[in-house]
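Asks: Below you will find the structure I want to go over with you.
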Protein chains: 2
Amino acid sequence: MKNPNHTLKVNLADRSYPIYIGNDLIDDPAIYRPHIHGEQVLIVSNTKVAPLYLDRVVSALQEYRVESVILPDGEAFKTLDVWQKIIDTLLEKRFDRRCTVVGLGGGVVGDMAGFAAACYQRGVYFIQVPTTLLAQVDSSVGGKTGVNHPLGKNMIGAFYQPQCVVADIRTLDTLDDRQLSAGLAEVIKYGLIGDGAFFEWLEQNMDRLMARDPVLLAYAIERSCADKAEVVAADERESGKRALLNLGHTFGHAIETGVGYGEWLHGEAVAVGICMAADLSRRQGWIKVSDQSRIESLIGRAGLPTAPPESIDANRFMSLMSVDKKVVAQRVRLVLMKGLGESVVTDAFDQAELEATLSEYGRSTR
Amino acid sequence: MKNPNHTLKVNLADRSYPIYIGNDLIDDPAIYRPHIHGEQVLIVSNTKVAPLYLDRVVSALQEYRVESVILPDGEAFKTLDVWQKIIDTLLEKRFDRRCTVVGLGGGVVGDMAGFAAACYQRGVYFIQVPTTLLAQVDSSVGGKTGVNHPLGKNMIGAFYQPQCVVADIRTLDTLDDRQLSAGLAEVIKYGLIGDGAFFEWLEQNMDRLMARDPVLLAYAIERSCADKAEVVAADERESGKRALLNLGHTFGHAIETGVGYGEWLHGEAVAVGICMAADLSRRQGWIKVSDQSRIESLIGRAGLPTAPPESIDANRFMSLMSVDKKVVAQRVRLVLMKGLGESVVTDAFDQAELEATLSEYGRSTR
């Protein structure tokens with residue numbers, strides 16, 4: 001764990017790609033070169049990240065014809081209208097189908113840049129340069145791209161794999177604490193899904209991660225990506241096992257929709273969602289009370305909330321959850337825990353226990 | 001060739017699907033049943049086709065929860081805005097990710113319904129019920145979906161394969177003559193790309209096809225789909241051989257863009273494009289003068305134009321062609337003929353000869 005520079009391969013047959021993890025990678029032309037095939041590169045970034053890193057990425061790509069498009073910052077702007085600005089730019093600049101779209105920023109930028117790459121001329125090359133911990137451990141693997149709709153999150157999109165992912169740990173230096181914590185929510189999630197040893201490692205090292213130790217961060221990113229890559233390789237299009245990655249997300253999406261996109265960070269909502277999944281799992285007798293406590297404690301140490309906002313009561317939770325993508329023909333399936341580090345996708349839980357969890361966490365009975 | 005009912009398999013590994021060709025297929029529940037997996041079906045049609053066939057398809061699907069969305073008719077409405085109506089309907093009706101989108105209509109409906117299926121929740125099931133000859137022989141095979149952009153045709157889209165295609169020859173009874181001819185342009189194209197024997201069959205049978213002989217139409221549809229399927233199976237994502245299918249399309253798209261979408265039918269523009277490709281091929285000495293004459297004659301007998309509209313001169317042609325998707329880094333590649341029934345994708349033609357063809361066909365020198 002001395003050298004933080006790693007390369008992780010995501011195995012997806014002819015859509016396999018590397019994730020580069022390390023320091024100052026975004027300045028290195030050699031990182032990008034094998035993955036750019038035409039002469040034209042469009043960098044998609046936002047008003048927050050562009051002032052920090054755009055010039056450096058442009059310099060590294062100076063052998064190409066580089067253009068950029070800067071989007072407004074935040075989940076509230078992850079819309080078809082904003083996405084169309086990327087498409088408009090590609091057309092106005094007369095980019096051809098061998099061009100490359102680079103997403104420089106967090107998950108929102110990556111999702112929109114990737115979806116633009118997926119749809120422009122029915123698919124052009126895509127490179128991800130995630131600059132938040134959340135994007136580095138989540139959007140880096142899996143190929144999910146898309147935008148939100150007023151009636152639901154991520155309802156419009158595509159599965160589309162990048163040519164490579166460049167996860168530069170140094171870009172985390174400029175991340176605010178709240179964003180760092182939001183990323184840690186997903187990191188904790190990987191431990192809970194199927195990697196109990198990683199969960200224990202996180203319990204031992206959370207304080208140093210919160211202090212942004214670069215070597216430990218690199219390890220946490222690599223292990224998170226490896227855990228996710230294993231699940232995705234087994235199920236690229238989310239018909240089965242991949243749904244495990246949604247641990248905490250059905251509750252979490254309900255929170256995000258309920259408070260309006262952009263109020264809560266995705267990772268914060270997922271953190272609460274994980275607590276709610278743990279609560280329901282404990283009610284079912286699948287995990288111990290002490291397990292639930294350890295989970296809540298680790299989430300709290302990561303600077304994350306463990307309860308939803310007061311504006312969402314139990315009934316509103318149920319209503320919001322019924323439009324979630326994970327609902328198959330109106331029957332709610334959830335990712336729940338059968339032990340610490342062992343999650344399952346199931347609808348075989350007691351509906352009354354779900355309601356008990358929602359009442360516990362919804363405002364109505366607090 | 002007595003019985004017009006055929007099934008053709010398009011071989012694309014785990015995305016393989018059947019094309020059913022025959023009479024009164026749209027009324028048969030058994031045709032659809034193996035290809036619908038959830039309980040929810042959204043039929044996408046338009047104001048022209050829905051009054052003719054929507055009720056019949058709804059009846060055949062009565063064992064499911066069926067909704068419909070009716071789009072305005074015509075290429076001018078193949079836009080992101082109109083496409084969003086499909087997505088909005090899916091969300092308003094709370095369709096889940098196991099739902100099926102059925103495209104009932106011509107190419108525009110099929111392209112938009114398919115692109116909605118490709119993007120809704122990152123991909124749901126899709127069934128094509130093409131009701132024009134053009135859609136039956138073109139959109140049936142290849143998985144191209146998408147919408148137009150003010151700066152270019154089909155610039156936003158996805159490769160997305162249907163579960164099956166239901167090509168009901170009886171639906172051609174209500175097709176007007178101009179639309180029938182537009183479909184025949186693509187049929188002739190398949191002969192010219194790589195099936196000289198089919199070209200000769202078309203020379204022998206064009207009059208009976210124009211008279212809508214159902215048995216001959218079924219044969220022409222099946223052979224066209226088989227020819228296209230062979231090319232697509234070799235190159236699903238259009239990196240090489242598949243570009244052959246664009247014979248006549250680079251010139252044709254320039255015409256469509258130049259006159260504004262919806263003025264000329266796609267097949268009419270392609271017909272002229274084929275004539276222009278033949279002209280350039282003859283100038284290169286690759287086909288004989290008599291071959292060019294046979295091609296123009298057959299296109300004329302199919303009720304199709306052989307010259308572009310007067311509003312497009314040679315310079316406008318060049319400008320329009322430089323934003324075409326088939327342009328790789330600003331260098332124009334064209335599908336040209338090396339013989340009757342043998343086409344190639346090439347940029348190895350004399351630029352002066354291209355300009356001669358454009359001058360010949362553009363208004364400036366007429």
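Ligands are numbered from 1 in the order shown, chains are lettered A, B, ... in the order of the structure tokens, and residues start at 1 in each chain.
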Determine, counting only C-alpha atoms, which protein, DNA and RNA residues have an atom within 6 Å of an atom of range 173-183 of chain A; residues of the same chain fewer than 5 positions away are not included. Present the result as a list of chain:residue names.

Replies: A:Leu133, A:Leu134, A:Gly267, A:Glu268, A:Ala302, A:Gly303

Asks: Can I get the selected residues back with C-alpha atoms, as a compact mmCIF listing (two decimals), in the first residue's frame?

Replies:
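out_5.txt written:
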```
# COMPACT_ATOMS: atom_id res chain seq x y z
CA LEU A 133 -14.86 10.14 -4.20
CA LEU A 134 -18.43 9.13 -4.95
CA GLY A 267 -24.45 9.57 -0.73
CA GLU A 268 -26.24 11.12 2.22
CA ALA A 302 -18.05 8.90 8.20
CA GLY A 303 -19.85 12.18 8.82
```

Asks: Mind doing a quick least-squares superposition of chain A onto chain B, all C-alpha atoms paired one-to-one in order, and writing it out as a short mmCIF file (atom, residue, chain, number, x, y, z; two decimals) with C-alpha atoms, in the first residue's frame?

Replies:
```
data_model
loop_
_atom_site.label_atom_id
_atom_site.label_comp_id
_atom_site.auth_asym_id
_atom_site.auth_seq_id
_atom_site.Cartn_x
_atom_site.Cartn_y
_atom_site.Cartn_z
CA MET A 1 -43.66 -18.26 -53.23
CA LYS A 2 -47.32 -19.32 -52.74
CA ASN A 3 -47.66 -18.72 -49.02
CA PRO A 4 -46.62 -15.23 -48.04
CA ASN A 5 -46.09 -16.15 -44.38
CA HIS A 6 -42.39 -16.35 -43.56
CA THR A 7 -40.17 -16.03 -40.52
CA LEU A 8 -36.67 -14.69 -40.95
CA LYS A 9 -34.13 -14.82 -38.15
CA VAL A 10 -31.71 -11.94 -37.64
CA ASN A 11 -28.59 -13.46 -36.09
CA LEU A 12 -26.97 -11.22 -33.49
CA ALA A 13 -25.88 -13.62 -30.74
CA ASP A 14 -27.92 -12.93 -27.60
CA ARG A 15 -29.71 -10.11 -29.39
CA SER A 16 -31.05 -12.30 -32.22
CA TYR A 17 -34.73 -11.88 -33.10
CA PRO A 18 -37.31 -13.03 -35.66
CA ILE A 19 -39.00 -11.01 -38.39
CA TYR A 20 -42.49 -12.31 -39.12
CA ILE A 21 -43.65 -11.53 -42.66
CA GLY A 22 -47.22 -12.32 -43.76
CA ASN A 23 -50.91 -11.45 -43.92
CA ASP A 24 -53.03 -10.26 -40.97
CA LEU A 25 -50.26 -10.88 -38.47
CA ILE A 26 -51.06 -7.80 -36.39
CA ASP A 27 -54.31 -9.41 -35.13
CA ASP A 28 -52.66 -12.56 -33.82
CA PRO A 29 -51.99 -12.65 -30.05
CA ALA A 30 -49.71 -15.65 -30.53
CA ILE A 31 -47.31 -13.55 -32.60
CA TYR A 32 -46.65 -11.15 -29.73
CA ARG A 33 -46.92 -13.44 -26.70
CA PRO A 34 -43.42 -15.01 -26.71
CA HIS A 35 -41.88 -11.55 -26.89
CA ILE A 36 -43.68 -9.73 -24.07
CA HIS A 37 -42.23 -10.34 -20.61
CA GLY A 38 -44.01 -7.99 -18.22
CA GLU A 39 -47.63 -6.98 -17.91
CA GLN A 40 -47.39 -3.48 -19.34
CA VAL A 41 -47.41 -2.59 -23.03
CA LEU A 42 -47.20 0.91 -24.50
CA ILE A 43 -48.18 1.20 -28.16
CA VAL A 44 -46.56 4.17 -29.88
CA SER A 45 -48.27 5.20 -33.10
CA ASN A 46 -49.13 8.34 -35.04
CA THR A 47 -52.22 10.26 -36.14
CA LYS A 48 -52.21 8.59 -39.55
CA VAL A 49 -51.68 4.94 -38.59
CA ALA A 50 -53.55 4.79 -35.27
CA PRO A 51 -57.04 5.25 -36.78
CA LEU A 52 -56.31 2.38 -39.18
CA TYR A 53 -54.65 -0.24 -36.99
CA LEU A 54 -54.43 0.72 -33.31
CA ASP A 55 -57.66 -0.99 -32.27
CA ARG A 56 -56.62 -4.23 -33.93
CA VAL A 57 -53.27 -4.32 -32.16
CA VAL A 58 -54.89 -3.39 -28.84
CA SER A 59 -57.34 -6.30 -29.29
CA ALA A 60 -54.52 -8.73 -29.96
CA LEU A 61 -52.82 -7.55 -26.75
CA GLN A 62 -55.86 -7.55 -24.48
CA GLU A 63 -54.24 -9.94 -22.01
CA TYR A 64 -51.85 -7.13 -21.04
CA ARG A 65 -52.27 -3.69 -19.54
CA VAL A 66 -52.13 -1.65 -22.73
CA GLU A 67 -51.65 2.11 -23.02
CA SER A 68 -50.98 4.13 -26.14
CA VAL A 69 -49.39 7.39 -27.16
CA ILE A 70 -50.19 8.97 -30.52
CA LEU A 71 -47.53 11.17 -32.10
CA PRO A 72 -47.95 13.71 -34.89
CA ASP A 73 -47.21 12.19 -38.32
CA GLY A 74 -44.09 12.94 -40.32
CA GLU A 75 -40.31 13.24 -40.32
CA ALA A 76 -40.63 16.87 -39.13
CA PHE A 77 -41.80 15.51 -35.77
CA LYS A 78 -38.89 13.09 -35.30
CA THR A 79 -37.50 15.33 -32.57
CA LEU A 80 -36.37 15.05 -28.96
CA ASP A 81 -39.41 17.06 -27.87
CA VAL A 82 -41.89 14.66 -29.45
CA TRP A 83 -39.83 11.68 -28.24
CA GLN A 84 -40.14 12.97 -24.68
CA LYS A 85 -43.91 12.48 -24.90
CA ILE A 86 -43.25 8.74 -25.04
CA ILE A 87 -41.00 8.90 -21.99
CA ASP A 88 -43.49 11.11 -20.15
CA THR A 89 -46.28 8.61 -20.85
CA LEU A 90 -44.21 5.68 -19.60
CA LEU A 91 -43.53 7.54 -16.37
CA GLU A 92 -47.02 8.93 -15.90
CA LYS A 93 -48.45 5.43 -16.34
CA ARG A 94 -45.81 4.11 -13.94
CA PHE A 95 -44.44 1.55 -16.37
CA ASP A 96 -41.69 -0.60 -14.86
CA ARG A 97 -38.51 -1.87 -16.44
CA ARG A 98 -40.12 -5.10 -17.62
CA CYS A 99 -42.60 -3.26 -19.82
CA THR A 100 -42.72 -3.48 -23.61
CA VAL A 101 -42.84 -0.61 -26.08
CA VAL A 102 -44.54 -1.42 -29.42
CA GLY A 103 -43.84 0.85 -32.38
CA LEU A 104 -46.83 0.77 -34.74
CA GLY A 105 -46.21 2.82 -37.86
CA GLY A 106 -43.53 3.79 -40.32
CA GLY A 107 -39.85 4.47 -39.84
CA VAL A 108 -40.31 7.65 -37.83
CA VAL A 109 -42.55 5.95 -35.27
CA GLY A 110 -40.23 2.93 -35.13
CA ASP A 111 -37.12 5.05 -34.66
CA MET A 112 -38.68 7.11 -31.87
CA ALA A 113 -40.38 4.19 -30.12
CA GLY A 114 -37.17 2.18 -30.30
CA PHE A 115 -35.09 5.04 -28.93
CA ALA A 116 -37.58 5.51 -26.09
CA ALA A 117 -37.36 1.77 -25.32
CA ALA A 118 -33.55 2.03 -25.42
CA CYS A 119 -33.46 4.90 -22.93
CA TYR A 120 -36.41 4.34 -20.60
CA GLN A 121 -34.90 3.09 -17.36
CA ARG A 122 -31.79 2.34 -19.48
CA GLY A 123 -33.62 -0.13 -21.69
CA VAL A 124 -36.96 -1.96 -21.82
CA TYR A 125 -38.41 -4.46 -24.32
CA PHE A 126 -39.26 -3.30 -27.82
CA ILE A 127 -41.44 -4.75 -30.59
CA GLN A 128 -41.63 -3.25 -34.06
CA VAL A 129 -44.80 -3.35 -36.13
CA PRO A 130 -43.79 -1.51 -39.30
CA THR A 131 -46.71 -0.47 -41.51
CA THR A 132 -44.82 0.98 -44.47
CA LEU A 133 -42.75 -0.89 -47.02
CA LEU A 134 -39.78 1.30 -46.19
CA ALA A 135 -39.96 0.46 -42.51
CA GLN A 136 -40.50 -3.23 -43.25
CA VAL A 137 -37.38 -3.53 -45.39
CA ASP A 138 -35.20 -0.97 -43.61
CA SER A 139 -35.94 -0.33 -39.93
CA SER A 140 -36.84 -4.01 -39.43
CA VAL A 141 -33.19 -4.96 -39.45
CA GLY A 142 -30.27 -3.24 -37.83
CA GLY A 143 -31.45 -1.80 -34.57
CA LYS A 144 -30.96 1.82 -35.50
CA THR A 145 -33.14 4.09 -33.41
CA GLY A 146 -33.08 7.82 -32.81
CA VAL A 147 -34.29 11.31 -33.58
CA ASN A 148 -33.19 14.23 -35.71
CA HIS A 149 -31.49 17.43 -34.57
CA PRO A 150 -31.83 20.80 -36.31
CA LEU A 151 -28.18 20.41 -37.35
CA GLY A 152 -28.42 16.85 -38.68
CA LYS A 153 -30.53 13.81 -39.30
CA ASN A 154 -30.44 10.88 -36.85
CA MET A 155 -27.73 12.61 -34.83
CA ILE A 156 -29.17 11.42 -31.49
CA GLY A 157 -29.92 7.74 -31.02
CA ALA A 158 -28.91 4.24 -30.06
CA PHE A 159 -28.30 0.83 -31.52
CA TYR A 160 -31.11 -1.15 -29.92
CA GLN A 161 -32.51 -4.48 -31.11
CA PRO A 162 -36.22 -5.36 -30.92
CA GLN A 163 -37.62 -8.58 -29.48
CA CYS A 164 -39.31 -9.23 -32.82
CA VAL A 165 -40.59 -7.47 -35.93
CA VAL A 166 -44.13 -8.01 -37.22
CA ALA A 167 -44.25 -7.08 -40.92
CA ASP A 168 -47.88 -7.40 -41.96
CA ILE A 169 -48.18 -7.09 -45.74
CA ARG A 170 -51.88 -6.23 -45.49
CA THR A 171 -50.97 -2.96 -43.80
CA LEU A 172 -49.42 -1.93 -47.13
CA ASP A 173 -52.92 -1.85 -48.64
CA THR A 174 -53.49 1.55 -47.03
CA LEU A 175 -50.11 2.93 -48.08
CA ASP A 176 -50.25 5.68 -50.69
CA ASP A 177 -48.34 5.20 -53.94
CA ARG A 178 -45.66 7.71 -53.04
CA GLN A 179 -44.86 5.80 -49.83
CA LEU A 180 -44.80 2.48 -51.67
CA SER A 181 -42.28 3.88 -54.13
CA ALA A 182 -40.16 5.26 -51.31
CA GLY A 183 -39.93 1.74 -49.89
CA LEU A 184 -38.94 0.34 -53.25
CA ALA A 185 -35.94 2.67 -53.30
CA GLU A 186 -34.42 0.72 -50.40
CA VAL A 187 -35.39 -2.59 -52.00
CA ILE A 188 -33.50 -1.62 -55.15
CA LYS A 189 -30.59 -0.56 -52.94
CA TYR A 190 -30.17 -4.09 -51.56
CA GLY A 191 -29.87 -5.43 -55.09
CA LEU A 192 -27.20 -2.88 -55.90
CA ILE A 193 -25.17 -3.40 -52.72
CA GLY A 194 -24.42 -7.06 -53.22
CA ASP A 195 -27.26 -9.02 -54.79
CA GLY A 196 -27.17 -8.64 -58.55
CA ALA A 197 -29.63 -11.52 -59.03
CA PHE A 198 -32.18 -9.67 -56.91
CA PHE A 199 -31.63 -6.53 -58.98
CA GLU A 200 -32.47 -8.55 -62.11
CA TRP A 201 -35.52 -10.07 -60.37
CA LEU A 202 -36.65 -6.51 -59.62
CA GLU A 203 -36.20 -5.51 -63.26
CA GLN A 204 -38.45 -8.43 -64.24
CA ASN A 205 -41.09 -7.86 -61.56
CA MET A 206 -41.23 -4.13 -60.88
CA ASP A 207 -44.58 -3.66 -62.61
CA ARG A 208 -46.25 -6.37 -60.50
CA LEU A 209 -44.67 -4.94 -57.33
CA MET A 210 -46.07 -1.53 -58.23
CA ALA A 211 -49.46 -3.28 -58.63
CA ARG A 212 -48.98 -4.56 -55.03
CA ASP A 213 -48.98 -8.27 -55.75
CA PRO A 214 -48.86 -9.59 -52.15
CA VAL A 215 -46.84 -12.71 -52.93
CA LEU A 216 -44.17 -10.76 -54.77
CA LEU A 217 -44.16 -8.06 -52.09
CA ALA A 218 -43.61 -10.70 -49.41
CA TYR A 219 -40.72 -12.11 -51.40
CA ALA A 220 -39.17 -8.68 -51.94
CA ILE A 221 -39.48 -7.87 -48.23
CA GLU A 222 -37.97 -11.16 -47.14
CA ARG A 223 -35.07 -10.97 -49.57
CA SER A 224 -34.39 -7.33 -48.63
CA CYS A 225 -34.40 -8.16 -44.92
CA ALA A 226 -32.18 -11.20 -45.51
CA ASP A 227 -29.71 -9.14 -47.52
CA LYS A 228 -29.64 -6.45 -44.84
CA ALA A 229 -29.45 -8.98 -41.99
CA GLU A 230 -26.37 -10.55 -43.55
CA VAL A 231 -24.59 -7.21 -43.59
CA VAL A 232 -25.71 -6.23 -40.09
CA ALA A 233 -24.77 -9.59 -38.56
CA ALA A 234 -21.24 -9.03 -39.82
CA ASP A 235 -21.02 -5.54 -38.36
CA GLU A 236 -23.66 -4.64 -35.79
CA ARG A 237 -22.32 -1.22 -34.85
CA GLU A 238 -21.40 0.10 -38.28
CA SER A 239 -17.64 0.18 -38.11
CA GLY A 240 -17.05 -1.40 -41.50
CA LYS A 241 -19.15 -3.44 -43.89
CA ARG A 242 -22.40 -2.05 -42.58
CA ALA A 243 -21.62 1.30 -44.12
CA LEU A 244 -22.55 -0.33 -47.46
CA LEU A 245 -26.16 0.07 -46.41
CA ASN A 246 -25.66 3.79 -46.80
CA LEU A 247 -25.57 3.52 -50.59
CA GLY A 248 -27.32 6.67 -51.79
CA HIS A 249 -27.67 7.96 -48.25
CA THR A 250 -24.89 10.54 -48.04
CA PHE A 251 -26.29 12.33 -51.09
CA GLY A 252 -29.80 11.54 -49.90
CA HIS A 253 -29.34 12.97 -46.41
CA ALA A 254 -27.94 16.13 -47.95
CA ILE A 255 -31.13 16.43 -49.99
CA GLU A 256 -33.35 15.83 -46.97
CA THR A 257 -31.49 18.39 -44.87
CA GLY A 258 -31.31 20.86 -47.74
CA VAL A 259 -35.03 20.92 -48.43
CA GLY A 260 -36.00 20.61 -44.75
CA TYR A 261 -37.14 17.41 -43.13
CA GLY A 262 -40.50 16.20 -44.30
CA GLU A 263 -40.58 17.80 -47.74
CA TRP A 264 -39.03 14.84 -49.49
CA LEU A 265 -39.60 11.28 -48.35
CA HIS A 266 -36.46 9.49 -47.20
CA GLY A 267 -36.81 6.88 -49.97
CA GLU A 268 -37.16 9.57 -52.62
CA ALA A 269 -33.96 11.22 -51.45
CA VAL A 270 -32.18 7.85 -51.37
CA ALA A 271 -33.38 7.12 -54.92
CA VAL A 272 -31.73 10.29 -56.18
CA GLY A 273 -28.70 9.49 -54.02
CA ILE A 274 -28.38 6.11 -55.73
CA CYS A 275 -28.52 7.80 -59.13
CA MET A 276 -25.78 10.21 -58.03
CA ALA A 277 -23.64 7.34 -56.68
CA ALA A 278 -24.13 5.55 -60.00
CA ASP A 279 -23.14 8.68 -61.87
CA LEU A 280 -19.93 9.10 -59.87
CA SER A 281 -19.16 5.37 -60.20
CA ARG A 282 -19.60 5.61 -63.97
CA ARG A 283 -17.34 8.70 -64.11
CA GLN A 284 -14.71 6.70 -62.25
CA GLY A 285 -15.06 3.99 -64.89
CA TRP A 286 -16.25 1.47 -62.29
CA ILE A 287 -19.63 0.75 -63.90
CA LYS A 288 -20.73 0.91 -67.53
CA VAL A 289 -22.93 3.59 -69.05
CA SER A 290 -25.49 0.85 -69.66
CA ASP A 291 -25.43 -0.09 -65.96
CA GLN A 292 -26.14 3.51 -65.00
CA SER A 293 -29.05 3.53 -67.46
CA ARG A 294 -30.50 0.30 -66.06
CA ILE A 295 -30.32 1.72 -62.52
CA GLU A 296 -31.99 5.00 -63.47
CA SER A 297 -34.60 3.15 -65.48
CA LEU A 298 -35.55 0.81 -62.62
CA ILE A 299 -35.74 3.72 -60.18
CA GLY A 300 -37.99 5.59 -62.60
CA ARG A 301 -40.24 2.52 -63.07
CA ALA A 302 -40.58 2.38 -59.28
CA GLY A 303 -42.18 5.82 -59.41
CA LEU A 304 -39.16 7.55 -57.91
CA PRO A 305 -37.35 10.79 -58.77
CA THR A 306 -33.90 10.59 -60.39
CA ALA A 307 -32.83 14.23 -59.87
CA PRO A 308 -32.61 16.42 -56.75
CA PRO A 309 -34.81 19.46 -56.13
CA GLU A 310 -33.71 22.63 -57.88
CA SER A 311 -33.11 24.43 -54.60
CA ILE A 312 -29.84 22.59 -53.94
CA ASP A 313 -26.81 23.62 -55.94
CA ALA A 314 -23.40 21.97 -56.02
CA ASN A 315 -21.86 24.12 -53.29
CA ARG A 316 -24.79 23.55 -50.96
CA PHE A 317 -24.40 19.80 -51.55
CA MET A 318 -20.77 19.86 -50.42
CA SER A 319 -21.60 21.91 -47.34
CA LEU A 320 -24.45 19.62 -46.35
CA MET A 321 -22.39 16.49 -46.84
CA SER A 322 -19.61 17.57 -44.53
CA VAL A 323 -21.77 17.14 -41.40
CA ASP A 324 -22.91 13.68 -42.41
CA LYS A 325 -22.22 10.85 -39.91
CA LYS A 326 -20.35 8.93 -42.57
CA VAL A 327 -17.65 11.61 -42.66
CA VAL A 328 -14.55 10.45 -40.78
CA ALA A 329 -12.51 13.46 -39.65
CA GLN A 330 -13.72 15.71 -42.48
CA ARG A 331 -12.79 13.25 -45.23
CA VAL A 332 -15.77 12.21 -47.36
CA ARG A 333 -16.28 8.47 -47.73
CA LEU A 334 -18.98 7.28 -50.08
CA VAL A 335 -20.64 4.04 -51.04
CA LEU A 336 -19.98 3.59 -54.74
CA MET A 337 -20.45 0.79 -57.25
CA LYS A 338 -17.75 -1.41 -58.73
CA GLY A 339 -20.32 -3.27 -60.82
CA LEU A 340 -24.05 -3.93 -60.99
CA GLY A 341 -24.79 -5.58 -57.62
CA GLU A 342 -21.39 -4.86 -56.08
CA SER A 343 -20.84 -1.80 -53.92
CA VAL A 344 -17.87 -0.64 -51.85
CA VAL A 345 -17.19 1.97 -49.15
CA THR A 346 -14.38 4.16 -50.33
CA ASP A 347 -12.69 7.53 -50.23
CA ALA A 348 -10.47 6.54 -53.17
CA PHE A 349 -12.37 8.48 -55.77
CA ASP A 350 -11.36 11.55 -57.71
CA GLN A 351 -12.53 14.69 -55.91
CA ALA A 352 -12.97 16.41 -59.29
CA GLU A 353 -15.33 13.64 -60.39
CA LEU A 354 -17.40 14.10 -57.24
CA GLU A 355 -17.61 17.78 -58.03
CA ALA A 356 -18.61 16.92 -61.59
CA THR A 357 -21.45 14.75 -60.27
CA LEU A 358 -22.56 17.48 -57.88
CA SER A 359 -22.46 20.05 -60.69
CA GLU A 360 -24.42 17.70 -62.95
CA TYR A 361 -27.09 17.17 -60.31
CA GLY A 362 -26.91 20.52 -58.49
CA ARG A 363 -28.96 23.35 -59.95
CA SER A 364 -26.02 25.61 -60.75
CA THR A 365 -25.20 24.08 -64.12
CA ARG A 366 -28.57 22.71 -65.17
#
```

Asks: Mind listing the strand (DSSP E or B) residues of range 59-196 of chain B, per DSSP on the backbone, as a ChimeraX atom specification?

Replies: /B:65-71,100-105,120,125-130,144-149,152-159,164-168

Asks: Using backbone DSSP assignments, extract all helix (DSSP H, G or I) residues from range 87-267 of chain A; output them as an MDAnalysis selection string.

Replies: chainID A and resid 87:92 107:119 133:139 169:174 177:194 196:210 214:234 241:246 249:259 266:267
